[in-house]
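As structure tokens, the structure follows; a few thoughts come after it.
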Amino acid sequence: MKKTTLIKEGKAKRLYNTDEANVVWVEYMDQATALNGKRKDQIAGKGVLNNQIDCILFELLAAKGIHTDFIKKLSDNEQLNQKVDIIPLEVVVRNAASGSFQRKFDVPYLQEFDQPVVEFFYKSDELDDPFINTNQAVALKIFDFEESQQLEKLALQINRILKERFAKAGLQLVDFKVEFGKTADGEIVLADEISPDSCRLVDLMTKASLDKDVFRKKTGDLITVYQEVLNRLNNSQEEAHV
Ligand code: UDP
């Protein structure tokens with residue numbers, strides 16, 4: 001398989017066409033952004049770490065029966081995905097209060113929820129990804145009610161799998177964002193990436209942040225904490241095989 005024309009350069013990845021119509025070549029870049037792209041830094045090694053973490057998590061989710069766009073890992077910072085039409089929503093699942101939820105409702109950091117919370121945000125850089133409810137998204141023809149329930153159910157299944165996997169690695173999954181896409185034959189599949197760029201992870205014991213919050217809040221070194229997440233995933237995986 002060969003990569004051909006560039007489809008799009010996003011905040012953290014480049015997407016290329018390939019010589020196969022329904023396959024895209026994804027290259028993870030060494031770029032970190034905050035404040036919806038207003039702050040940008042080059043951080044050597046970030047692309048490799050996110051690609052490796054993403055491959056581990058997408059392979060796990062696929063093994064647990066979640067349909068995804070992931071095909072295979074190509075190199076340390078590249079992978080092949082199925083071509084999908086991205087549904088323009090950021091689907092956020094929260095197990096405890098942080099980030100925009102904590103700010104919006106003025107509740108204590110990491111206050112735990114009895115049930116996970118699912119939220120939708122409309123993907124629009126111009127509008128700063130506003131919160132959108134189901135009725136609003138149906139009005140905008142982003143999905144219909146049946147699809148909205150399907151997305152919520154999938155998001156909660158993904159949460160259960162990831163929460164358990166991260167807990168094995170000594171990490172609490174506070175919240176995360178996923179995106180879904182439609183394949184050429186109309187199937188909804190998990191797409192985009194899952195990495196410490198899109199998840200909030202804290203050490204189960206110390207509650208220290210091991211995700212992009214260290215970059216957003218300038219409280220630590222991004223590479224050190226992303227490497228720690230990868231090491232913990234690899235080490236806990238080895239234990240599970242013994
Ligand atoms: N998130 C993301 N991309 C975005 C916005 C949020 O991946 O453009 C992730 C973020 O890393 C966190 C979760 O979604 O794990 C919830 O983010 P929140 O709504 O709390 O927003 P933030 O704190 O980033 O303003």
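Residue numbering restarts at 1 in every chain; chains get A, B, ... in the order shown in the structure tokens, and ligands count up from 1 in that same order.
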
* Identify, on the basis of only C-alpha atoms, every residue whose closest approach to segment 164-173 of chain A does not exceed 12 Å; exclude the query and any residue fewer than 4 positions from it along the same chain; express the result as a VMD selection string. => chain A and resid 53 56 to 58 60 to 61 64 93 to 98 110 112 116 157 to 160 177 194 to 196 198 to 211 225 228 to 240

* Asked: Got a sec to check which residues lie within 10 Å of ligand 1, using only C-alpha atoms and all ligand atoms, and send them as an MDAnalysis selection string?
  -> chainID A and resid 33:37 90:94 97:104 119:125 128:131 173:179 193:201 211:213 216

* To do: Show which residues sit within 8 Å of segment 145-151 of chain A, as a ChimeraX atom specification. Count only C-alpha atoms, and ignore same-chain residues fewer than 6 positions away.
  => /A:134,138,180

Please produce, as a tab-separated table, a per-residue contact table for segment 39-106 of chain A versus segment 9-12 of chain A (criterion: any atom at most 12 Å away, only C-alpha atoms considered), showing the nearest atom pair and its distance in Å to one decimal, sorted by chain then residue number.
residue	atom	partner	partner_atom	distance
A:Arg39	CA	A:Lys11	CA	10.7
A:Lys40	CA	A:Lys11	CA	8.7
A:Asp41	CA	A:Lys11	CA	10.5
A:Gln42	CA	A:Ala12	CA	10.1
A:Ile43	CA	A:Ala12	CA	10.8
A:Lys46	CA	A:Ala12	CA	9.2
A:Gly47	CA	A:Ala12	CA	7.7
A:Val48	CA	A:Ala12	CA	11.3
A:Asn50	CA	A:Ala12	CA	9.5
A:Asn51	CA	A:Ala12	CA	10.5
A:Asn77	CA	A:Ala12	CA	11.3

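Put simply, atom CA of Ile161 of chain A is 18.5 Å away from atom CA of Ile188 of chain A.
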
* Non-local contacts of Phe70 of chain A (9 Å; only C-alpha atoms; under 5 positions in same chain excluded) as a count of residues only -> 11
